[in-house]
file entry-v2.cif (mmCIF, C-alpha atoms and all ligand atoms)
data_query
loop_
_atom_site.label_atom_id
_atom_site.label_comp_id
_atom_site.auth_asym_id
_atom_site.auth_seq_id
_atom_site.Cartn_x
_atom_site.Cartn_y
_atom_site.Cartn_z
CA MET A 953 6.72 -10.25 22.10
CA VAL A 954 4.16 -10.39 19.28
CA ASP A 955 4.32 -13.01 16.54
CA GLY A 956 2.96 -12.74 13.03
CA PHE A 957 3.17 -13.98 9.47
CA VAL A 958 5.36 -12.23 6.91
CA GLY A 959 5.69 -12.94 3.18
CA GLN A 960 8.92 -11.10 2.34
CA ILE A 961 11.52 -8.74 3.80
CA PHE A 962 13.87 -7.07 1.30
CA ASN A 963 15.57 -3.84 0.23
CA SER A 964 14.48 -2.21 -3.03
CA ILE A 965 13.06 0.98 -4.42
CA GLN A 966 9.52 2.22 -4.03
CA GLY A 967 7.83 1.50 -7.35
CA GLU A 968 4.55 3.40 -6.92
CA GLY A 969 3.11 6.68 -5.84
CA LEU A 970 4.59 10.00 -4.77
CA TYR A 971 7.76 8.50 -3.29
CA VAL A 972 8.67 6.47 -6.37
CA GLY A 973 12.39 5.74 -6.61
CA ARG A 974 13.06 6.09 -2.87
CA ARG A 975 15.08 3.21 -1.49
CA GLN A 976 13.26 1.33 1.25
CA VAL A 977 13.27 -1.82 3.32
CA PHE A 978 10.00 -3.60 2.55
CA VAL A 979 8.13 -5.76 5.04
CA ARG A 980 5.41 -7.58 3.18
CA PHE A 981 2.87 -8.71 5.76
CA ALA A 982 1.07 -11.93 4.82
CA GLY A 983 -2.65 -12.04 4.14
CA CYS A 984 -5.29 -9.90 2.51
CA ALA A 985 -9.06 -10.30 2.78
CA LEU A 986 -9.79 -8.42 -0.46
CA ASP A 987 -9.82 -9.96 -3.94
CA CYS A 988 -8.83 -7.29 -6.48
CA ASN A 989 -9.09 -8.47 -10.05
CA TYR A 990 -5.67 -6.95 -10.90
CA CYS A 991 -3.83 -8.22 -7.81
CA ASP A 992 -0.15 -8.81 -8.49
CA SER A 993 0.57 -10.01 -4.94
CA GLU A 994 -1.58 -13.12 -5.05
CA SER A 995 0.98 -15.33 -3.30
CA PHE A 996 0.99 -12.87 -0.37
CA ARG A 997 -2.77 -12.97 0.15
CA GLU A 998 -2.44 -16.20 2.10
CA PHE A 999 -2.70 -15.44 5.84
CA ARG A 1000 -0.45 -18.15 7.25
CA PRO A 1001 2.37 -18.98 4.82
CA PRO A 1002 4.82 -21.46 6.40
CA LYS A 1003 7.92 -19.50 5.31
CA CYS A 1004 9.01 -15.90 4.78
CA GLU A 1005 11.50 -14.92 2.05
CA VAL A 1006 14.19 -12.75 3.59
CA GLU A 1007 16.79 -11.11 1.38
CA THR A 1008 20.31 -12.16 2.29
CA ARG A 1009 22.08 -8.92 1.22
CA PRO A 1010 20.38 -5.54 0.56
CA GLY A 1011 19.28 -5.28 -3.07
CA SER A 1012 20.74 -8.68 -4.08
CA MET A 1013 17.28 -10.21 -4.72
CA LYS A 1014 18.73 -13.43 -3.24
CA VAL A 1015 16.57 -14.77 -0.45
CA LYS A 1016 16.64 -17.35 2.30
CA LEU A 1017 13.52 -18.92 3.79
CA VAL A 1018 12.72 -18.16 7.42
CA LYS A 1019 10.04 -20.04 9.36
CA ASN A 1020 6.73 -18.33 10.16
CA PRO A 1021 5.32 -17.10 12.47
CA MET A 1022 8.13 -14.62 13.22
CA SER A 1023 8.50 -12.50 16.34
CA HIS A 1024 8.35 -8.75 15.85
CA GLU A 1025 11.91 -8.56 17.30
CA LEU A 1026 13.22 -10.91 14.60
CA VAL A 1027 11.51 -8.82 11.89
CA LEU A 1028 13.11 -5.69 13.37
CA ARG A 1029 16.53 -7.37 13.33
CA HIS A 1030 16.13 -8.20 9.62
CA ILE A 1031 15.01 -4.62 8.92
CA GLY A 1032 18.11 -3.32 10.71
CA ARG A 1033 20.37 -5.69 8.76
CA LEU A 1034 18.86 -4.67 5.40
CA ALA A 1035 18.73 -0.92 6.12
CA THR A 1036 21.35 0.72 3.92
CA PRO A 1037 22.45 4.32 4.66
CA ASP A 1038 20.45 5.58 1.68
CA ILE A 1039 17.06 4.22 2.73
CA HIS A 1040 14.24 6.69 2.92
CA SER A 1041 11.88 4.63 5.07
CA VAL A 1042 10.54 1.20 5.90
CA SER A 1043 7.59 0.21 3.75
CA LEU A 1044 4.97 -1.68 5.73
CA THR A 1045 3.12 -3.37 2.89
CA GLY A 1046 1.36 -6.60 1.98
CA GLY A 1047 -0.87 -8.44 1.45
CA GLU A 1048 -2.54 -6.00 3.79
CA PRO A 1049 -0.49 -4.70 6.74
CA LEU A 1050 -3.52 -3.49 8.72
CA GLY A 1051 -4.66 -7.12 8.86
CA ALA A 1052 -1.63 -7.86 11.08
CA GLY A 1053 -2.99 -5.82 14.03
CA GLU A 1054 -0.63 -5.61 17.05
CA PHE A 1055 2.20 -7.28 15.11
CA LEU A 1056 2.18 -4.31 12.69
CA VAL A 1057 1.96 -1.84 15.58
CA GLU A 1058 5.02 -3.31 17.34
CA ILE A 1059 7.08 -3.29 14.14
CA ALA A 1060 6.13 0.32 13.31
CA LYS A 1061 6.94 1.34 16.89
CA GLY A 1062 10.31 -0.46 16.74
CA CYS A 1063 11.23 1.22 13.44
CA GLN A 1064 10.56 4.68 14.86
CA ARG A 1065 12.52 3.81 18.00
CA SER A 1066 15.52 3.00 15.77
CA GLY A 1067 15.15 6.28 13.89
CA LEU A 1068 13.69 4.72 10.74
CA ALA A 1069 10.75 6.47 9.09
CA THR A 1070 7.67 4.33 8.49
CA TYR A 1071 5.66 4.23 5.27
CA LEU A 1072 2.34 2.36 5.36
CA GLU A 1073 0.93 1.02 2.08
CA SER A 1074 -2.62 -0.03 2.77
CA ASN A 1075 -6.08 -0.64 1.36
CA GLY A 1076 -7.53 1.09 4.43
CA ALA A 1077 -9.91 -1.74 5.19
CA SER A 1078 -9.41 -1.64 8.98
CA LEU A 1079 -10.00 1.59 10.87
CA GLU A 1080 -9.59 -0.35 14.11
CA THR A 1081 -5.91 -1.17 13.42
CA MET A 1082 -5.30 2.21 11.78
CA LYS A 1083 -6.25 3.85 15.09
CA LYS A 1084 -3.61 1.78 16.90
CA VAL A 1085 -0.78 2.30 14.41
CA VAL A 1086 -1.31 5.85 13.20
CA ASP A 1087 0.88 7.44 15.91
CA TYR A 1088 3.85 5.41 14.63
CA LEU A 1089 3.51 6.37 10.96
CA ASP A 1090 5.38 9.03 9.02
CA ILE A 1091 3.81 8.45 5.61
CA ALA A 1092 0.61 6.70 4.52
CA ALA A 1093 -0.05 5.61 0.94
CA MET A 1094 -3.74 4.73 1.01
CA ASP A 1095 -5.56 2.85 -1.73
CA ILE A 1096 -9.15 3.50 -2.65
CA LYS A 1097 -10.74 0.54 -4.36
CA LEU A 1098 -13.28 1.07 -7.13
CA PRO A 1099 -16.38 -1.10 -7.69
CA GLU A 1100 -14.83 -2.47 -10.92
CA HIS A 1101 -11.82 -3.78 -8.96
CA ARG A 1102 -14.18 -6.41 -7.50
CA ALA A 1103 -12.15 -6.28 -4.26
CA VAL A 1104 -15.35 -7.11 -2.38
CA PRO A 1105 -18.85 -8.11 -3.61
CA VAL A 1106 -20.53 -5.07 -5.24
CA GLU A 1107 -23.05 -4.67 -2.39
CA SER A 1108 -20.19 -4.41 0.17
CA TRP A 1109 -18.22 -1.77 -1.75
CA PRO A 1110 -19.90 1.31 -0.20
CA ARG A 1111 -18.92 0.05 3.27
CA LEU A 1112 -15.32 -0.52 2.13
CA LEU A 1113 -15.18 3.00 0.70
CA GLU A 1114 -16.37 4.51 4.00
CA GLU A 1115 -13.75 2.53 5.94
CA GLU A 1116 -11.01 3.71 3.54
CA LEU A 1117 -12.13 7.33 3.79
CA SER A 1118 -12.19 7.09 7.60
CA CYS A 1119 -8.60 5.77 7.62
CA ILE A 1120 -7.52 8.62 5.31
CA GLU A 1121 -9.28 11.20 7.44
CA LEU A 1122 -7.63 9.90 10.62
CA SER A 1123 -4.21 9.81 8.98
CA LEU A 1124 -4.56 13.43 7.82
CA LYS A 1125 -5.84 14.54 11.22
CA LYS A 1126 -2.84 12.96 12.94
CA GLY A 1127 -0.41 14.80 10.66
CA VAL A 1128 0.83 11.71 8.77
CA ARG A 1129 2.01 12.66 5.26
CA THR A 1130 -0.83 11.01 3.39
CA PHE A 1131 -1.61 10.46 -0.26
CA VAL A 1132 -4.25 8.39 -2.01
CA LYS A 1133 -3.71 5.98 -4.85
CA ILE A 1134 -6.40 4.80 -7.24
CA VAL A 1135 -5.65 2.05 -9.73
CA VAL A 1136 -7.36 2.88 -13.03
CA LEU A 1137 -8.79 0.09 -15.19
CA PRO A 1138 -9.83 0.43 -18.86
CA THR A 1139 -13.42 0.25 -17.52
CA THR A 1140 -13.02 3.07 -14.97
CA HIS A 1141 -15.61 5.80 -15.52
CA GLU A 1142 -15.26 9.52 -15.05
CA LYS A 1143 -18.36 9.61 -12.84
CA THR A 1144 -16.80 7.16 -10.34
CA ILE A 1145 -13.64 9.29 -10.08
CA LEU A 1146 -15.73 12.46 -9.76
CA ALA A 1147 -17.83 11.04 -6.92
CA ILE A 1148 -14.83 9.67 -4.97
CA CYS A 1149 -12.74 12.80 -5.49
CA ARG A 1150 -15.55 15.01 -4.17
CA ARG A 1151 -15.41 13.00 -0.94
CA LEU A 1152 -11.62 13.25 -0.87
CA ALA A 1153 -11.67 17.00 -1.37
CA GLU A 1154 -13.99 17.30 1.65
CA LEU A 1155 -11.29 15.68 3.81
CA GLY A 1156 -8.72 18.37 3.00
CA ASP A 1157 -5.69 18.67 0.76
CA VAL A 1158 -4.78 15.11 0.02
CA PRO A 1159 -2.66 14.42 -3.07
CA LEU A 1160 -4.00 11.82 -5.49
CA VAL A 1161 -2.05 9.38 -7.63
CA LEU A 1162 -3.88 7.84 -10.56
CA GLN A 1163 -2.07 4.62 -11.40
CA PRO A 1164 -2.82 2.93 -14.75
CA VAL A 1165 -3.28 -0.78 -14.04
CA PHE A 1166 -0.48 -3.11 -15.06
CA PRO A 1167 -2.18 -6.12 -16.67
CA ALA A 1168 -2.30 -8.98 -14.15
CA ARG A 1169 -4.67 -11.71 -13.07
CA LYS A 1170 -8.10 -10.96 -14.65
CA VAL A 1171 -7.14 -7.59 -16.15
CA LYS A 1172 -5.68 -7.94 -19.61
CA ARG A 1173 -4.89 -4.39 -20.67
CA SER A 1174 -3.98 -0.93 -19.39
CA PRO A 1175 -6.09 2.22 -19.88
CA THR A 1176 -5.10 4.64 -22.62
CA MET A 1177 -3.38 7.93 -21.83
CA ALA A 1178 -6.45 9.75 -23.20
CA GLN A 1179 -8.52 8.03 -20.51
CA MET A 1180 -5.94 8.87 -17.82
CA TYR A 1181 -6.05 12.56 -18.82
CA ARG A 1182 -9.87 12.53 -18.73
CA LEU A 1183 -9.89 11.08 -15.23
CA SER A 1184 -7.17 13.47 -14.05
CA ARG A 1185 -9.31 16.40 -15.26
CA ALA A 1186 -12.33 14.92 -13.47
CA ALA A 1187 -10.37 14.70 -10.20
CA ALA A 1188 -9.38 18.37 -10.53
CA ARG A 1189 -13.00 19.36 -11.26
CA ALA A 1190 -14.01 17.57 -8.06
CA GLY A 1191 -11.64 19.77 -6.05
CA VAL A 1192 -8.48 17.65 -5.68
CA LYS A 1193 -5.55 20.05 -5.91
CA GLU A 1194 -2.54 17.79 -6.43
CA ILE A 1195 -2.89 15.00 -8.99
CA ALA A 1196 -0.20 12.79 -10.52
CA ILE A 1197 -0.39 10.01 -13.10
CA ILE A 1198 2.30 7.49 -12.14
CA PRO A 1199 2.65 3.91 -13.45
CA GLN A 1200 4.36 1.12 -11.47
CA VAL A 1201 8.03 1.79 -12.08
CA HIS A 1202 9.55 -1.27 -10.38
CA LYS A 1203 7.93 -3.50 -13.00
CA LEU A 1204 9.58 -1.53 -15.79
CA ILE A 1205 13.07 -2.01 -14.36
CA GLY A 1206 12.58 -5.53 -13.05
CA VAL A 1207 13.24 -5.27 -9.33
CA LEU A 1208 11.34 -6.80 -6.41
S1 LIG B 1 -5.67 -5.11 -1.61
FE1 LIG B 1 -3.68 -5.45 -2.56
S2 LIG B 1 -3.01 -7.50 -1.85
FE2 LIG B 1 -5.22 -7.30 -1.43
S3 LIG B 1 -6.21 -8.26 -3.21
FE3 LIG B 1 -6.09 -6.04 -3.58
S4 LIG B 1 -4.17 -5.74 -4.73
FE4 LIG B 1 -4.08 -7.80 -3.78
#

call {"tool": "encode", "arguments": {"input": "entry-v2.cif", "output": "structure tokens"}}
result
Amino acid sequence: MVDGFVGQIFNSIQGEGLYVGRRQVFVRFAGCALDCNYCDSESFREFRPPKCEVETRPGSMKVKLVKNPMSHELVLRHIGRLATPDIHSVSLTGGEPLGAGEFLVEIAKGCQRSGLATYLESNGASLETMKKVVDYLDIAAMDIKLPEHRAVPVESWPRLLEEELSCIELSLKKGVRTFVKIVVLPTTHEKTILAICRRLAELGDVPLVLQPVFPARKVKRSPTMAQMYRLSRAAARAGVKEIAIIPQVHKLIGVL
């Protein structure tokens, strides 16, 4: 039995990326070591929250509080209870799921054992955990952070980028359906996207989602569509073959 800290477990639709609109059970692992200036999950960055919000009925948005830490078996029981026949997969999200180590691995393993597909949403900041969990993943939605996100101090950003690229490379190599998401700020430059996308293109055919930031925390406005088109063209010039511009849909329709 492995115990860990969870922020929320609920049933909703995927609001971002290539699988937008798919119904999922979400397990929001608690804790994230990064500090993105647009973070909309601030309350889930805490590593040891005393309670987890667990939805009482699938899609009701009504929750009860369950004591943390939780065993991985208990999390799996809640996933099973909230899994409606129309769910596409179980989203292992956060906070940062890779920060949960063995607890994440056991939950991903348990989902696959029950015939539920697993969908990791991660900032790719831990290759060590990615190596342990990758065999139990069906889909990986991997973030690449930009220097202007201020996720880490500027001098540490190159190291973070290499860790993220290594996680993406491993995921592709293991045959996990992988795509990359980059959150675009009004200050995001073409040259940053060009440089990152050249590295991505070297890894193989990995689809890219450019997501205009939804104003939150220290970011007060979204980029213009003209800027999004410019960056999308830059990604194509760098050799990325599949590019989509997709905003966060769940915020538009007001679900969890
Ligand atoms: S990686 Fe995600 S949870 Fe962590 S600070 Fe950034 S946006 Fe927030």

call {"tool": "residues_around", "arguments": {"input": "entry-v2.cif", "residues": "A:Phe981", "least_positions_apart": "2", "cutoff": "9 Å", "atoms": "all atoms listed in the file", "output": "ChimeraX atom specification"}}
result
/A:956-961,979,983-984,996,999,1044-1052,1056

call {"tool": "closest_residue", "arguments": {"input": "entry-v2.cif", "among": "A:Val1128, A:Leu1112, A:Met953, A:Ala1186", "to": "A:Gly1062", "atoms": "only C-alpha atoms"}}
result
A:Met953

call {"tool": "closest_residue", "arguments": {"input": "entry-v2.cif", "among": "A:Arg1065, A:Arg1129, A:Lys1097, A:Arg974", "to": "A:Gln1163", "atoms": "all atoms listed in the file"}}
result
A:Lys1097

call {"tool": "residues_near_ligand", "arguments": {"input": "entry-v2.cif", "ligand": "ligand LIG 1 (chain B)", "cutoff": "8 Å", "atoms": "only C-alpha atoms and all ligand atoms", "output": "list in words"}}
result
Gly983, Cys984, Ala985, Leu986, Asp987, Cys988, Asn989, Tyr990, Cys991, Asp992, Ser993, Glu994, Phe996, Arg997, Gly1046, Gly1047, Glu1048, Ser1074, Asn1075, Asp1095 and Ala1103 of chain A

call {"tool": "closest_residue", "arguments": {"input": "entry-v2.cif", "among": "A:Leu970, A:Thr1070, A:Val1106, A:Asp955", "to": "A:Pro1199", "atoms": "all atoms listed in the file"}}
result
A:Leu970

call {"tool": "closest_residue", "arguments": {"input": "entry-v2.cif", "among": "A:Pro1099, A:Gly967, A:Pro1105, A:Gly1156", "to": "A:Leu1124", "atoms": "all atoms listed in the file"}}
result
A:Gly1156

call {"tool": "residues_around", "arguments": {"input": "entry-v2.cif", "residues": "stretch 1014-1021 of chain A", "least_positions_apart": "4", "cutoff": "7 Å", "atoms": "all atoms listed in the file", "output": "PyMOL selection string"}}
result
chain A and resi 955-957+1001-1008

call {"tool": "axis_aligned_box", "arguments": {"input": "entry-v2.cif", "around": "stretch 991-1009 of chain A", "padding_each_side": "8 Å", "output": "lines of an AutoDock Vina configuration file"}}
result
center_x = 9.1
center_y = -14.8
center_z = -0.6
size_x = 41.9
size_y = 29.2
size_z = 31.7

call {"tool": "atom_distance", "arguments": {"input": "entry-v2.cif", "atom1": "atom CA of A:Ile1031", "atom2": "atom CA of A:Ser1123"}}
result
24.0 Å

call {"tool": "decode", "arguments": {"input": "entry-v2.cif", "residues": "stretch 1015-1155 of chain A", "atoms": "C-alpha atoms", "output": "PDB file, in the first residue's frame"}}
result
ATOM      1  CA  VAL A1015     -17.745  17.364  -3.045  1.00  0.00           C
ATOM      2  CA  LYS A1016     -17.059  15.794   0.314  1.00  0.00           C
ATOM      3  CA  LEU A1017     -13.781  16.183   2.188  1.00  0.00           C
ATOM      4  CA  VAL A1018     -11.643  13.088   2.671  1.00  0.00           C
ATOM      5  CA  LYS A1019      -8.643  13.017   4.997  1.00  0.00           C
ATOM      6  CA  ASN A1020      -5.112  13.004   3.543  1.00  0.00           C
ATOM      7  CA  PRO A1021      -2.856  11.121   3.121  1.00  0.00           C
ATOM      8  CA  MET A1022      -4.945   8.609   1.151  1.00  0.00           C
ATOM      9  CA  SER A1023      -3.952   5.073   0.230  1.00  0.00           C
ATOM     10  CA  HIS A1024      -3.636   4.319  -3.469  1.00  0.00           C
ATOM     11  CA  GLU A1025      -6.389   1.672  -3.027  1.00  0.00           C
ATOM     12  CA  LEU A1026      -8.805   4.297  -1.696  1.00  0.00           C
ATOM     13  CA  VAL A1027      -8.005   6.599  -4.637  1.00  0.00           C
ATOM     14  CA  LEU A1028      -8.647   3.699  -7.023  1.00  0.00           C
ATOM     15  CA  ARG A1029     -11.997   3.001  -5.332  1.00  0.00           C
ATOM     16  CA  HIS A1030     -13.050   6.643  -5.827  1.00  0.00           C
ATOM     17  CA  ILE A1031     -11.923   6.496  -9.468  1.00  0.00           C
ATOM     18  CA  GLY A1032     -14.023   3.357  -9.970  1.00  0.00           C
ATOM     19  CA  ARG A1033     -17.054   4.981  -8.323  1.00  0.00           C
ATOM     20  CA  LEU A1034     -16.772   8.129 -10.481  1.00  0.00           C
ATOM     21  CA  ALA A1035     -16.029   6.330 -13.760  1.00  0.00           C
ATOM     22  CA  THR A1036     -19.106   6.721 -15.960  1.00  0.00           C
ATOM     23  CA  PRO A1037     -19.507   4.488 -19.048  1.00  0.00           C
ATOM     24  CA  ASP A1038     -18.613   7.408 -21.315  1.00  0.00           C
ATOM     25  CA  ILE A1039     -15.220   8.212 -19.800  1.00  0.00           C
ATOM     26  CA  HIS A1040     -12.303   8.293 -22.157  1.00  0.00           C
ATOM     27  CA  SER A1041      -9.526   7.979 -19.580  1.00  0.00           C
ATOM     28  CA  VAL A1042      -8.312   8.883 -16.122  1.00  0.00           C
ATOM     29  CA  SER A1043      -6.456  12.175 -16.017  1.00  0.00           C
ATOM     30  CA  LEU A1044      -3.489  12.058 -13.664  1.00  0.00           C
ATOM     31  CA  THR A1045      -2.971  15.762 -13.107  1.00  0.00           C
ATOM     32  CA  GLY A1046      -1.981  18.270 -10.447  1.00  0.00           C
ATOM     33  CA  GLY A1047      -0.284  20.165  -8.969  1.00  0.00           C
ATOM     34  CA  GLU A1048       2.350  17.962 -10.528  1.00  0.00           C
ATOM     35  CA  PRO A1049       1.648  14.209 -10.677  1.00  0.00           C
ATOM     36  CA  LEU A1050       5.291  13.227 -11.257  1.00  0.00           C
ATOM     37  CA  GLY A1051       6.047  14.721  -7.833  1.00  0.00           C
ATOM     38  CA  ALA A1052       3.973  11.898  -6.276  1.00  0.00           C
ATOM     39  CA  GLY A1053       6.500   9.178  -7.242  1.00  0.00           C
ATOM     40  CA  GLU A1054       5.431   5.609  -6.328  1.00  0.00           C
ATOM     41  CA  PHE A1055       1.941   6.782  -5.318  1.00  0.00           C
ATOM     42  CA  LEU A1056       1.363   7.914  -8.933  1.00  0.00           C
ATOM     43  CA  VAL A1057       2.851   4.683 -10.289  1.00  0.00           C
ATOM     44  CA  GLU A1058       0.514   2.496  -8.194  1.00  0.00           C
ATOM     45  CA  ILE A1059      -2.550   4.496  -9.224  1.00  0.00           C
ATOM     46  CA  ALA A1060      -1.628   4.389 -12.936  1.00  0.00           C
ATOM     47  CA  LYS A1061      -0.983   0.645 -12.652  1.00  0.00           C
ATOM     48  CA  GLY A1062      -4.331   0.101 -10.895  1.00  0.00           C
ATOM     49  CA  CYS A1063      -6.221   2.071 -13.560  1.00  0.00           C
ATOM     50  CA  GLN A1064      -4.755  -0.038 -16.348  1.00  0.00           C
ATOM     51  CA  ARG A1065      -5.505  -3.214 -14.399  1.00  0.00           C
ATOM     52  CA  SER A1066      -9.177  -2.133 -14.287  1.00  0.00           C
ATOM     53  CA  GLY A1067      -9.208  -1.434 -18.021  1.00  0.00           C
ATOM     54  CA  LEU A1068      -9.145   2.357 -17.676  1.00  0.00           C
ATOM     55  CA  ALA A1069      -6.845   4.308 -19.984  1.00  0.00           C
ATOM     56  CA  THR A1070      -4.413   6.686 -18.287  1.00  0.00           C
ATOM     57  CA  TYR A1071      -3.733  10.266 -19.357  1.00  0.00           C
ATOM     58  CA  LEU A1072      -0.802  12.036 -17.681  1.00  0.00           C
ATOM     59  CA  GLU A1073      -0.812  15.852 -17.583  1.00  0.00           C
ATOM     60  CA  SER A1074       2.628  16.922 -16.493  1.00  0.00           C
ATOM     61  CA  ASN A1075       5.263  19.637 -16.518  1.00  0.00           C
ATOM     62  CA  GLY A1076       7.886  16.944 -17.157  1.00  0.00           C
ATOM     63  CA  ALA A1077      10.099  18.104 -14.326  1.00  0.00           C
ATOM     64  CA  SER A1078      11.019  14.595 -13.114  1.00  0.00           C
ATOM     65  CA  LEU A1079      12.563  12.121 -15.526  1.00  0.00           C
ATOM     66  CA  GLU A1080      13.173   9.785 -12.588  1.00  0.00           C
ATOM     67  CA  THR A1081       9.435   9.284 -11.920  1.00  0.00           C
ATOM     68  CA  MET A1082       8.595   9.367 -15.633  1.00  0.00           C
ATOM     69  CA  LYS A1083      10.835   6.318 -16.093  1.00  0.00           C
ATOM     70  CA  LYS A1084       8.842   4.434 -13.433  1.00  0.00           C
ATOM     71  CA  VAL A1085       5.365   5.366 -14.665  1.00  0.00           C
ATOM     72  CA  VAL A1086       5.759   5.455 -18.438  1.00  0.00           C
ATOM     73  CA  ASP A1087       4.870   1.770 -18.930  1.00  0.00           C
ATOM     74  CA  TYR A1088       1.459   2.432 -17.357  1.00  0.00           C
ATOM     75  CA  LEU A1089       0.536   5.428 -19.511  1.00  0.00           C
ATOM     76  CA  ASP A1090      -1.655   5.546 -22.602  1.00  0.00           C
ATOM     77  CA  ILE A1091      -1.484   9.280 -23.276  1.00  0.00           C
ATOM     78  CA  ALA A1092       0.911  11.993 -22.106  1.00  0.00           C
ATOM     79  CA  ALA A1093       0.124  15.705 -22.320  1.00  0.00           C
ATOM     80  CA  MET A1094       3.481  17.304 -21.605  1.00  0.00           C
ATOM     81  CA  ASP A1095       3.997  20.983 -20.831  1.00  0.00           C
ATOM     82  CA  ILE A1096       7.049  22.905 -21.882  1.00  0.00           C
ATOM     83  CA  LYS A1097       7.623  25.957 -19.728  1.00  0.00           C
ATOM     84  CA  LEU A1098       9.018  29.134 -21.259  1.00  0.00           C
ATOM     85  CA  PRO A1099      11.479  31.489 -19.516  1.00  0.00           C
ATOM     86  CA  GLU A1100       8.740  34.161 -19.274  1.00  0.00           C
ATOM     87  CA  HIS A1101       6.535  31.763 -17.268  1.00  0.00           C
ATOM     88  CA  ARG A1102       9.002  32.240 -14.388  1.00  0.00           C
ATOM     89  CA  ALA A1103       8.309  28.627 -13.336  1.00  0.00           C
ATOM     90  CA  VAL A1104      11.877  28.469 -12.031  1.00  0.00           C
ATOM     91  CA  PRO A1105      14.576  31.163 -11.636  1.00  0.00           C
ATOM     92  CA  VAL A1106      15.833  32.215 -15.100  1.00  0.00           C
ATOM     93  CA  GLU A1107      19.246  30.551 -14.597  1.00  0.00           C
ATOM     94  CA  SER A1108      17.550  27.175 -13.882  1.00  0.00           C
ATOM     95  CA  TRP A1109      15.279  27.249 -16.938  1.00  0.00           C
ATOM     96  CA  PRO A1110      17.692  25.519 -19.371  1.00  0.00           C
ATOM     97  CA  ARG A1111      17.925  22.557 -16.970  1.00  0.00           C
ATOM     98  CA  LEU A1112      14.122  22.380 -16.696  1.00  0.00           C
ATOM     99  CA  LEU A1113      13.802  22.420 -20.488  1.00  0.00           C
ATOM    100  CA  GLU A1114      16.253  19.504 -20.832  1.00  0.00           C
ATOM    101  CA  GLU A1115      14.337  17.487 -18.212  1.00  0.00           C
ATOM    102  CA  GLU A1116      11.044  18.164 -20.039  1.00  0.00           C
ATOM    103  CA  LEU A1117      12.519  17.179 -23.399  1.00  0.00           C
ATOM    104  CA  SER A1118      13.938  13.976 -21.886  1.00  0.00           C
ATOM    105  CA  CYS A1119      10.485  13.047 -20.514  1.00  0.00           C
ATOM    106  CA  ILE A1120       8.921  13.721 -23.933  1.00  0.00           C
ATOM    107  CA  GLU A1121      11.577  11.683 -25.700  1.00  0.00           C
ATOM    108  CA  LEU A1122      11.072   8.728 -23.343  1.00  0.00           C
ATOM    109  CA  SER A1123       7.297   8.900 -23.689  1.00  0.00           C
ATOM    110  CA  LEU A1124       7.547   8.853 -27.498  1.00  0.00           C
ATOM    111  CA  LYS A1125      10.074   6.021 -27.431  1.00  0.00           C
ATOM    112  CA  LYS A1126       7.763   3.925 -25.256  1.00  0.00           C
ATOM    113  CA  GLY A1127       4.867   4.396 -27.680  1.00  0.00           C
ATOM    114  CA  VAL A1128       2.738   6.578 -25.374  1.00  0.00           C
ATOM    115  CA  ARG A1129       0.462   8.875 -27.412  1.00  0.00           C
ATOM    116  CA  THR A1130       2.254  12.103 -26.596  1.00  0.00           C
ATOM    117  CA  PHE A1131       1.601  15.740 -27.339  1.00  0.00           C
ATOM    118  CA  VAL A1132       3.212  18.921 -26.090  1.00  0.00           C
ATOM    119  CA  LYS A1133       1.445  21.974 -24.762  1.00  0.00           C
ATOM    120  CA  ILE A1134       2.964  25.438 -24.564  1.00  0.00           C
ATOM    121  CA  VAL A1135       1.101  28.226 -22.792  1.00  0.00           C
ATOM    122  CA  VAL A1136       1.567  31.455 -24.752  1.00  0.00           C
ATOM    123  CA  LEU A1137       1.841  34.781 -22.910  1.00  0.00           C
ATOM    124  CA  PRO A1138       1.508  38.232 -24.517  1.00  0.00           C
ATOM    125  CA  THR A1139       5.302  38.480 -24.017  1.00  0.00           C
ATOM    126  CA  THR A1140       6.129  35.192 -25.789  1.00  0.00           C
ATOM    127  CA  HIS A1141       8.594  35.741 -28.635  1.00  0.00           C
ATOM    128  CA  GLU A1142       8.796  33.987 -31.963  1.00  0.00           C
ATOM    129  CA  LYS A1143      12.477  33.200 -31.406  1.00  0.00           C
ATOM    130  CA  THR A1144      11.705  31.244 -28.202  1.00  0.00           C
ATOM    131  CA  ILE A1145       9.078  29.144 -30.003  1.00  0.00           C
ATOM    132  CA  LEU A1146      11.433  28.604 -32.947  1.00  0.00           C
ATOM    133  CA  ALA A1147      14.268  27.388 -30.724  1.00  0.00           C
ATOM    134  CA  ILE A1148      12.071  25.022 -28.669  1.00  0.00           C
ATOM    135  CA  CYS A1149      10.244  23.670 -31.709  1.00  0.00           C
ATOM    136  CA  ARG A1150      13.533  22.854 -33.443  1.00  0.00           C
ATOM    137  CA  ARG A1151      14.388  20.659 -30.448  1.00  0.00           C
ATOM    138  CA  LEU A1152      10.927  19.096 -30.528  1.00  0.00           C
ATOM    139  CA  ALA A1153      11.151  18.323 -34.224  1.00  0.00           C
ATOM    140  CA  GLU A1154      14.421  16.475 -33.562  1.00  0.00           C
ATOM    141  CA  LEU A1155      12.544  14.118 -31.213  1.00  0.00           C
TER     142      LEU A1155
END
